[in-house]
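Student: Sharing start-v7.csv here; it has CSV, C-alpha atoms and all ligand atoms.
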chain,number,residue,atom,x,y,z
A,1055,MET,CA,-1.7,-0.6,-15.4
A,1056,LEU,CA,-4.8,-0.8,-13.2
A,1057,LYS,CA,-8.5,-0.2,-13.9
A,1058,ILE,CA,-11.3,-0.5,-11.4
A,1059,GLN,CA,-14.9,-0.4,-12.6
A,1060,ASP,CA,-17.8,0.1,-10.3
A,1061,LEU,CA,-16.4,-1.9,-7.4
A,1062,TRP,CA,-18.7,-2.8,-4.5
A,1063,VAL,CA,-17.1,-4.7,-1.6
A,1064,SER,CA,-18.4,-5.9,1.7
A,1065,ILE,CA,-16.8,-7.3,4.8
A,1066,ASP,CA,-18.9,-9.6,7.0
A,1067,ASP,CA,-22.1,-8.2,5.4
A,1068,ARG,CA,-21.0,-4.6,6.0
A,1069,GLN,CA,-21.0,-2.6,2.8
A,1070,VAL,CA,-17.7,-0.7,2.7
A,1071,LEU,CA,-16.9,0.1,-1.0
A,1072,LYS,CA,-19.9,1.5,-2.8
A,1073,GLY,CA,-19.0,1.9,-6.5
A,1074,VAL,CA,-15.3,2.7,-6.8
A,1075,ASN,CA,-14.0,3.8,-10.2
A,1076,PHE,CA,-10.3,4.3,-10.5
A,1077,SER,CA,-7.6,3.9,-13.1
A,1078,MET,CA,-3.9,4.5,-13.3
A,1079,ASP,CA,-1.2,4.3,-15.9
A,1080,TYR,CA,2.1,2.4,-15.7
A,1081,GLY,CA,4.7,4.1,-13.5
A,1082,GLU,CA,2.2,6.4,-11.7
A,1083,ILE,CA,2.5,7.1,-8.0
A,1084,ASN,CA,-0.9,7.8,-6.5
A,1085,VAL,CA,-1.6,8.9,-3.0
A,1086,LEU,CA,-4.9,8.2,-1.2
A,1087,PHE,CA,-6.3,10.4,1.6
A,1088,GLY,CA,-9.5,10.0,3.5
A,1089,PRO,CA,-11.0,9.9,7.0
A,1090,ASN,CA,-10.9,6.8,9.2
A,1091,GLY,CA,-13.2,4.1,8.1
A,1092,ALA,CA,-13.7,5.5,4.6
A,1093,GLY,CA,-12.6,2.2,3.0
A,1094,LYS,CA,-9.0,2.9,2.0
A,1095,THR,CA,-7.5,-0.3,3.5
A,1096,THR,CA,-10.5,-2.2,2.2
A,1097,PHE,CA,-9.7,-0.9,-1.3
A,1098,MET,CA,-6.1,-2.1,-1.0
A,1099,MET,CA,-6.8,-5.5,0.6
A,1100,THR,CA,-9.4,-6.1,-2.2
A,1101,LEU,CA,-6.9,-5.3,-4.9
A,1102,MET,CA,-4.5,-7.8,-3.4
A,1103,GLY,CA,-7.2,-10.4,-3.2
A,1104,PHE,CA,-7.8,-11.2,0.5
A,1105,PRO,CA,-10.8,-13.5,0.6
A,1106,ARG,CA,-12.5,-11.7,3.5
A,1107,TYR,CA,-13.2,-8.8,1.3
A,1108,LYS,CA,-16.1,-9.9,-0.8
A,1109,ILE,CA,-16.5,-8.4,-4.2
A,1110,GLU,CA,-20.2,-8.0,-4.9
A,1111,GLN,CA,-20.0,-6.1,-8.1
A,1112,GLY,CA,-17.5,-4.6,-10.4
A,1113,LYS,CA,-14.2,-5.5,-12.2
A,1114,ILE,CA,-10.5,-5.2,-11.5
A,1115,TYR,CA,-8.1,-5.2,-14.4
A,1116,PHE,CA,-4.4,-5.3,-13.9
A,1117,LYS,CA,-2.1,-5.0,-16.9
A,1118,GLY,CA,-5.1,-5.5,-19.1
A,1119,MET,CA,-6.1,-8.8,-17.4
A,1120,ASP,CA,-9.3,-9.3,-15.5
A,1121,ILE,CA,-8.1,-10.4,-12.1
A,1122,THR,CA,-11.4,-9.9,-10.3
A,1123,ASN,CA,-11.7,-13.6,-9.5
A,1124,GLN,CA,-8.0,-14.4,-9.1
A,1125,ASP,CA,-6.5,-15.7,-5.9
A,1126,LEU,CA,-4.1,-13.7,-3.9
A,1127,TYR,CA,-1.0,-15.8,-4.9
A,1128,GLU,CA,-1.8,-15.4,-8.6
A,1129,ARG,CA,-2.0,-11.6,-8.2
A,1130,ALA,CA,1.3,-11.6,-6.3
A,1131,ARG,CA,2.9,-13.6,-9.2
A,1132,LEU,CA,1.5,-11.1,-11.7
A,1133,GLY,CA,3.3,-8.3,-9.8
A,1134,LEU,CA,1.1,-7.0,-7.0
A,1135,GLY,CA,2.6,-6.5,-3.6
A,1136,ILE,CA,1.4,-4.9,-0.4
A,1137,SER,CA,2.8,-3.4,2.8
A,1138,PHE,CA,0.0,-3.7,5.5
A,1139,GLN,CA,-1.3,-1.0,7.8
A,1140,ARG,CA,-1.4,-3.6,10.5
A,1141,PRO,CA,0.8,-6.6,9.6
A,1142,PRO,CA,0.0,-9.9,11.2
A,1143,THR,CA,2.4,-11.5,13.7
A,1144,VAL,CA,3.7,-14.9,12.5
A,1145,ARG,CA,5.4,-16.7,15.4
A,1146,GLY,CA,7.8,-19.4,14.4
A,1147,VAL,CA,8.6,-17.8,11.0
A,1148,THR,CA,11.6,-15.5,11.3
A,1149,LEU,CA,12.0,-12.3,9.3
A,1150,LYS,CA,15.1,-13.9,7.8
A,1151,LYS,CA,13.1,-16.9,6.7
A,1152,ILE,CA,10.5,-14.8,5.0
A,1153,ILE,CA,13.2,-12.7,3.2
A,1154,ASP,CA,14.8,-16.0,2.1
A,1155,ILE,CA,11.5,-17.2,0.7
A,1156,ILE,CA,10.9,-14.0,-1.2
A,1157,ALA,CA,14.4,-13.7,-2.5
A,1158,ASN,CA,14.8,-17.4,-3.4
A,1159,ASN,CA,17.3,-18.1,-0.6
A,1160,GLY,CA,19.1,-14.9,-1.4
A,1161,SER,CA,19.0,-13.1,2.0
A,1162,ASP,CA,22.8,-13.2,2.1
A,1163,ASP,CA,23.0,-11.4,-1.3
A,1164,ALA,CA,25.1,-8.3,-0.9
A,1165,GLY,CA,22.4,-6.0,-2.2
A,1166,ILE,CA,19.8,-7.4,0.2
A,1167,LYS,CA,22.2,-7.2,3.1
A,1168,GLU,CA,22.8,-3.6,2.4
A,1169,LYS,CA,19.0,-2.9,2.4
A,1170,ILE,CA,18.8,-4.8,5.7
A,1171,GLU,CA,21.5,-2.5,7.2
A,1172,GLN,CA,19.9,0.6,5.7
A,1173,LEU,CA,16.6,-0.3,7.3
A,1174,ASN,CA,18.3,-1.0,10.6
A,1175,LEU,CA,16.8,-4.5,10.7
A,1176,ALA,CA,20.0,-6.7,11.1
A,1177,GLY,CA,19.3,-7.3,14.7
A,1178,HIS,CA,15.7,-8.5,14.1
A,1179,LEU,CA,16.3,-11.1,11.4
A,1180,GLN,CA,16.1,-14.0,13.8
A,1181,ARG,CA,12.9,-12.8,15.5
A,1182,GLY,CA,9.5,-14.1,14.6
A,1183,LEU,CA,7.8,-12.0,11.9
A,1184,ASN,CA,6.4,-8.9,13.7
A,1185,ASP,CA,6.5,-10.8,17.0
A,1186,GLY,CA,6.8,-8.0,19.5
A,1187,PHE,CA,8.1,-5.6,16.9
A,1188,SER,CA,7.6,-1.9,17.6
A,1189,GLY,CA,5.4,0.1,15.2
A,1190,GLY,CA,8.5,1.4,13.4
A,1191,GLU,CA,10.1,-2.1,13.2
A,1192,MET,CA,7.0,-3.5,11.6
A,1193,LYS,CA,6.8,-0.8,9.0
A,1194,ARG,CA,10.5,-1.2,8.1
A,1195,SER,CA,10.1,-5.0,8.0
A,1196,GLU,CA,7.1,-4.6,5.6
A,1197,LEU,CA,9.1,-2.4,3.4
A,1198,LEU,CA,12.1,-4.7,3.4
A,1199,GLN,CA,9.9,-7.5,2.1
A,1200,LEU,CA,8.5,-5.2,-0.6
A,1201,ILE,CA,12.0,-4.1,-1.7
A,1202,VAL,CA,13.1,-7.7,-2.0
A,1203,GLN,CA,9.9,-8.7,-3.8
A,1204,ARG,CA,10.1,-5.8,-6.2
A,1205,PRO,CA,6.4,-5.9,-7.3
A,1206,GLU,CA,5.3,-3.9,-10.4
A,1207,LEU,CA,2.4,-2.3,-8.5
A,1208,VAL,CA,3.3,-1.5,-4.9
A,1209,LEU,CA,0.5,-1.0,-2.4
A,1210,ILE,CA,1.6,0.8,0.7
A,1211,ASP,CA,-0.9,1.3,3.6
A,1212,GLU,CA,0.0,4.1,6.0
A,1213,PRO,CA,3.7,3.7,6.1
A,1214,GLU,CA,4.2,6.4,8.7
A,1215,SER,CA,1.6,5.3,11.3
A,1216,GLY,CA,3.3,4.3,14.5
A,1217,VAL,CA,6.7,5.3,13.3
A,1218,ASP,CA,8.7,7.8,15.5
A,1219,ILE,CA,10.3,10.9,14.1
A,1220,GLU,CA,13.8,9.4,13.9
A,1221,ASN,CA,12.7,6.4,12.0
A,1222,ILE,CA,10.3,8.1,9.7
A,1223,SER,CA,13.1,9.3,7.4
A,1224,LEU,CA,14.3,5.7,7.2
A,1225,VAL,CA,10.9,4.7,6.1
A,1226,GLY,CA,10.7,7.6,3.6
A,1227,GLU,CA,14.1,6.7,2.2
A,1228,ALA,CA,13.1,3.0,1.8
A,1229,ILE,CA,10.0,4.0,-0.1
A,1230,ASN,CA,12.1,6.4,-2.1
A,1231,SER,CA,14.5,3.6,-3.0
A,1232,LEU,CA,11.6,1.5,-4.1
A,1233,LEU,CA,9.8,4.3,-6.1
A,1234,GLY,CA,12.4,7.0,-6.7
A,1235,LYS,CA,15.9,6.0,-7.4
A,1236,ASP,CA,15.1,2.4,-8.5
A,1237,LYS,CA,12.4,3.8,-10.7
A,1238,VAL,CA,15.0,5.2,-13.0
A,1239,LYS,CA,15.9,1.6,-13.8
A,1240,ASP,CA,12.3,0.5,-13.7
A,1241,PRO,CA,10.0,3.3,-14.9
A,1242,LYS,CA,7.0,1.1,-15.3
A,1243,ARG,CA,6.7,0.4,-11.6
A,1244,GLY,CA,3.6,2.1,-10.1
A,1245,ALA,CA,2.4,2.7,-6.6
A,1246,ILE,CA,-0.7,3.4,-4.5
A,1247,ILE,CA,0.1,4.9,-1.1
A,1248,ILE,CA,-2.4,5.5,1.7
A,1249,THR,CA,-1.2,8.4,3.9
A,1250,HIS,CA,-2.7,10.0,6.9
A,1251,THR,CA,-0.2,12.8,7.4
A,1252,GLY,CA,1.1,13.3,3.9
A,1253,TYR,CA,4.6,13.1,5.3
A,1254,ILE,CA,5.5,10.7,2.5
A,1255,LEU,CA,5.1,13.5,-0.1
A,1256,ASP,CA,8.4,14.8,1.2
A,1257,PHE,CA,10.1,11.7,-0.1
A,1258,VAL,CA,8.4,10.5,-3.2
A,1259,ASN,CA,7.3,12.4,-6.2
A,1260,ALA,CA,3.6,11.6,-6.3
A,1261,ASP,CA,1.7,12.2,-9.5
A,1262,LYS,CA,-1.9,12.3,-8.2
A,1263,GLY,CA,-3.9,12.5,-5.0
A,1264,TYR,CA,-7.3,11.1,-4.3
A,1265,ILE,CA,-9.8,11.4,-1.5
A,1266,VAL,CA,-11.7,8.3,-0.4
A,1267,PHE,CA,-14.9,9.2,1.4
A,1268,ASP,CA,-17.7,6.9,2.5
A,1269,GLY,CA,-16.7,4.0,0.2
A,1270,VAL,CA,-16.1,6.0,-3.0
A,1271,PHE,CA,-13.4,8.1,-4.6
A,1272,VAL,CA,-14.7,11.7,-4.4
A,1273,CYS,CA,-12.0,13.8,-5.9
A,1274,ARG,CA,-8.6,13.8,-7.7
A,1275,GLY,CA,-5.9,16.4,-7.9
A,1276,ASN,CA,-2.4,17.5,-7.1
A,1277,PRO,CA,-1.5,15.7,-3.9
A,1278,ARG,CA,0.0,18.7,-2.2
A,1279,ASP,CA,-3.1,20.8,-3.0
A,1280,ILE,CA,-5.3,18.1,-1.7
A,1281,LEU,CA,-3.3,17.9,1.5
A,1282,SER,CA,-3.4,21.6,2.2
A,1283,GLU,CA,-7.2,21.7,1.6
A,1284,ILE,CA,-7.6,18.8,4.1
A,1285,LYS,CA,-5.4,20.7,6.6
A,1286,ARG,CA,-7.5,23.8,6.2
A,1287,HIS,CA,-11.0,22.4,6.0
A,1288,GLY,CA,-10.8,18.7,7.2
A,1289,TYR,CA,-13.0,16.3,5.3
A,1290,ARG,CA,-16.3,18.1,6.1
A,1291,ARG,CA,-16.9,19.4,2.6
A,1292,CYS,CA,-16.2,15.9,1.0
A,1293,ALA,CA,-19.8,15.0,1.8
A,1294,GLU,CA,-21.0,17.6,-0.7
A,1295,CYS,CA,-18.9,16.0,-3.5
A,1296,ARG,CA,-20.2,12.6,-2.5
A,1301,LIG,P1,-9.8,3.1,6.3
A,1301,LIG,O1,-8.6,2.3,6.0
A,1301,LIG,O2,-10.2,4.1,5.3
A,1301,LIG,O3,-9.6,3.7,7.7
A,1301,LIG,P2,-11.1,0.5,6.4
A,1301,LIG,O4,-11.1,0.1,5.0
A,1301,LIG,O5,-10.1,-0.1,7.3
A,1301,LIG,O6,-11.0,2.1,6.5
A,1301,LIG,O7,-12.5,0.2,7.0
A,1301,LIG,C1,-13.7,0.6,6.4
A,1301,LIG,C2,-14.9,0.2,7.2
A,1301,LIG,O8,-15.0,-1.2,7.3
A,1301,LIG,C3,-14.8,0.7,8.7
A,1301,LIG,O9,-16.0,1.2,9.1
A,1301,LIG,C4,-14.4,-0.5,9.4
A,1301,LIG,O10,-14.8,-0.6,10.8
A,1301,LIG,C5,-15.1,-1.6,8.6
A,1301,LIG,N1,-14.4,-2.9,8.7
A,1301,LIG,C6,-13.1,-3.1,8.4
A,1301,LIG,N2,-12.7,-4.4,8.7
A,1301,LIG,C7,-13.9,-5.0,9.2
A,1301,LIG,C8,-14.2,-6.3,9.6
A,1301,LIG,N3,-13.3,-7.3,9.6
A,1301,LIG,N4,-15.4,-6.5,10.0
A,1301,LIG,C9,-16.4,-5.6,10.0
A,1301,LIG,N5,-16.2,-4.3,9.6
A,1301,LIG,C10,-14.9,-4.0,9.2
A,1302,MG,MG,-6.8,1.9,6.9
With the file now loaded, output its structure as structure tokens.
Ligand code: ADP
Ligand code: MG
Tutor:
Amino acid sequence: MLKIQDLWVSIDDRQVLKGVNFSMDYGEINVLFGPNGAGKTTFMMTLMGFPRYKIEQGKIYFKGMDITNQDLYERARLGLGISFQRPPTVRGVTLKKIIDIIANNGSDDAGIKEKIEQLNLAGHLQRGLNDGFSGGEMKRSELLQLIVQRPELVLIDEPESGVDIENISLVGEAINSLLGKDKVKDPKRGAIIITHTGYILDFVNADKGYIVFDGVFVCRGNPRDILSEIKRHGYRRCAECR
């Protein structure tokens, strides 16, 4: 489904990714861990095709196609979708409007209405996208957009950050609906999820975990094992693998 070869990426002349190699099969759910500033968000934003992330070297293949030089909208049409760590505020474009656009005017569709209710977002549809949204509202709005878009490869950047205890299960359930229950119908859908706390592992059945450290992927393993190692030792020993 996805293959990354020797990817080097800079932002404003700062070298962030330093030779990433990564591949995943159709239907896999992969979780990325790593300390702040390691390059996790950069990796995702580069996959999606944001122009600020400059690819200096390397290749990105999605479903066997070389997408390294494709524009963001082309990648979205091919089936890539992202939920941002810090989504932008778009004043003047309501959440309802954006859902209408993604769903081809279908935000009144019964299935979508149900998702809106489940995510507790009905009262926010007429607000500007993320305009004054709380951390949890933003994350739920991000997930709603992904659920409506139904991309084949779902990129989710820190779904739990800024979400309070009560709402975190809503977020977990939403991700589970995208990757768990719905996956029975759609077993080829894959995901890459960046997590700080590992909380998401309680909701989705992740296949593999990776640690991103200083711009490269340093290890791979069972996500729960990796999480318990990080809890015990922190990321100190990752430098040795680097
Ligand atoms: P992570 O998601 O792993 O915490 P990021 O990918 O967000 O890390 O950031 C990697 C590094 O790139 C950090 O040192 C960060 O400060 C730097 N960085 C991110 N965005 C920019 C930017 N717009 N300009 C300069 N440096 C940036
Ligand atoms: Mg990040």
Student: Calculate how many Å separate atom CA of Gly1165 of chain A from atom CA of Glu1082 of chain A, rounding to one decimal.
Tutor: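 Those two atoms sit 25.5 Å apart.
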Student: Please produce, as CSV, a per-residue contact table for chain A versus ligand LIG 1301 (chain A) (criterion: any atom at most 7 Å away, all atoms listed in the file considered), showing the nearest atom pair and its distance in Å to one decimal, sorted by chain then residue number.
Tutor:
residue,atom,partner,partner_atom,distance
A:Ile1065,CA,A:LIG1301,N4,5.4
A:Asp1066,CA,A:LIG1301,N4,5.6
A:Arg1068,CA,A:LIG1301,N5,6.0
A:Val1070,CA,A:LIG1301,O8,5.4
A:Gly1088,CA,A:LIG1301,O2,6.2
A:Pro1089,CA,A:LIG1301,O2,6.1
A:Asn1090,CA,A:LIG1301,O3,3.7
A:Gly1091,CA,A:LIG1301,O6,3.4
A:Ala1092,CA,A:LIG1301,O2,3.8
A:Gly1093,CA,A:LIG1301,O4,3.3
A:Lys1094,CA,A:LIG1301,O2,3.7
A:Thr1095,CA,A:LIG1301,O1,3.8
A:Thr1096,CA,A:LIG1301,O4,3.7
A:Phe1097,CA,A:LIG1301,O4,6.5
Student: Which one of A:Val1266, A:Ile1170, A:Ile1156, A:Leu1071 sits closest to Leu1224 of chain A if you count all atoms listed in the file?
Tutor: A:Ile1170
Student: Which polymer residues have any atom within 12 Å of an atom of segment 1141-1146 of chain A, counting only C-alpha atoms, with same-chain residues fewer than 5 positions away left out, as an mmCIF file with C-alpha atoms, in the frame of the given file?
Tutor:
data_model
loop_
_atom_site.group_PDB
_atom_site.id
_atom_site.type_symbol
_atom_site.label_atom_id
_atom_site.label_comp_id
_atom_site.auth_asym_id
_atom_site.auth_seq_id
_atom_site.Cartn_x
_atom_site.Cartn_y
_atom_site.Cartn_z
ATOM 1 C CA MET A 1099 -6.800 -5.500 0.600
ATOM 2 C CA ILE A 1136 1.400 -4.900 -0.400
ATOM 3 C CA LYS A 1151 13.100 -16.900 6.700
ATOM 4 C CA ILE A 1152 10.500 -14.800 5.000
ATOM 5 C CA GLN A 1180 16.100 -14.000 13.800
ATOM 6 C CA ARG A 1181 12.900 -12.800 15.500
ATOM 7 C CA GLY A 1182 9.500 -14.100 14.600
ATOM 8 C CA LEU A 1183 7.800 -12.000 11.900
ATOM 9 C CA ASN A 1184 6.400 -8.900 13.700
ATOM 10 C CA ASP A 1185 6.500 -10.800 17.000
ATOM 11 C CA GLY A 1186 6.800 -8.000 19.500
ATOM 12 C CA PHE A 1187 8.100 -5.600 16.900
ATOM 13 C CA SER A 1188 7.600 -1.900 17.600
ATOM 14 C CA GLY A 1189 5.400 0.100 15.200
ATOM 15 C CA GLY A 1190 8.500 1.400 13.400
ATOM 16 C CA GLU A 1191 10.100 -2.100 13.200
ATOM 17 C CA MET A 1192 7.000 -3.500 11.600
ATOM 18 C CA LYS A 1193 6.800 -0.800 9.000
ATOM 19 C CA ARG A 1194 10.500 -1.200 8.100
ATOM 20 C CA SER A 1195 10.100 -5.000 8.000
ATOM 21 C CA GLU A 1196 7.100 -4.600 5.600
ATOM 22 C CA LEU A 1197 9.100 -2.400 3.400
ATOM 23 C CA GLN A 1199 9.900 -7.500 2.100
ATOM 24 C CA ILE A 1210 1.600 0.800 0.700
ATOM 25 C CA ASP A 1211 -0.900 1.300 3.600
ATOM 26 C CA GLU A 1212 0.000 4.100 6.000
ATOM 27 C CA PRO A 1213 3.700 3.700 6.100
#
Student: Do you know which residues are at most 8 Å from Leu1134 of chain A counting only C-alpha atoms, after dropping those on the same chain fewer than 3 positions away, and could you put them as a PyMOL selection string?
Tutor: chain A and resi 1102+1129-1131+1205-1209
Student: Can you spit out the residues from that selection as a PDB file, keeping the file's coordinate frame, using C-alpha atoms?
Tutor:
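Result file again_1.pdb:
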ATOM      1  CA  MET A1102      -4.500  -7.800  -3.400  1.00  0.00           C
ATOM      2  CA  ARG A1129      -2.000 -11.600  -8.200  1.00  0.00           C
ATOM      3  CA  ALA A1130       1.300 -11.600  -6.300  1.00  0.00           C
ATOM      4  CA  ARG A1131       2.900 -13.600  -9.200  1.00  0.00           C
ATOM      5  CA  PRO A1205       6.400  -5.900  -7.300  1.00  0.00           C
ATOM      6  CA  GLU A1206       5.300  -3.900 -10.400  1.00  0.00           C
ATOM      7  CA  LEU A1207       2.400  -2.300  -8.500  1.00  0.00           C
ATOM      8  CA  VAL A1208       3.300  -1.500  -4.900  1.00  0.00           C
ATOM      9  CA  LEU A1209       0.500  -1.000  -2.400  1.00  0.00           C
TER      10      LEU A1209
END
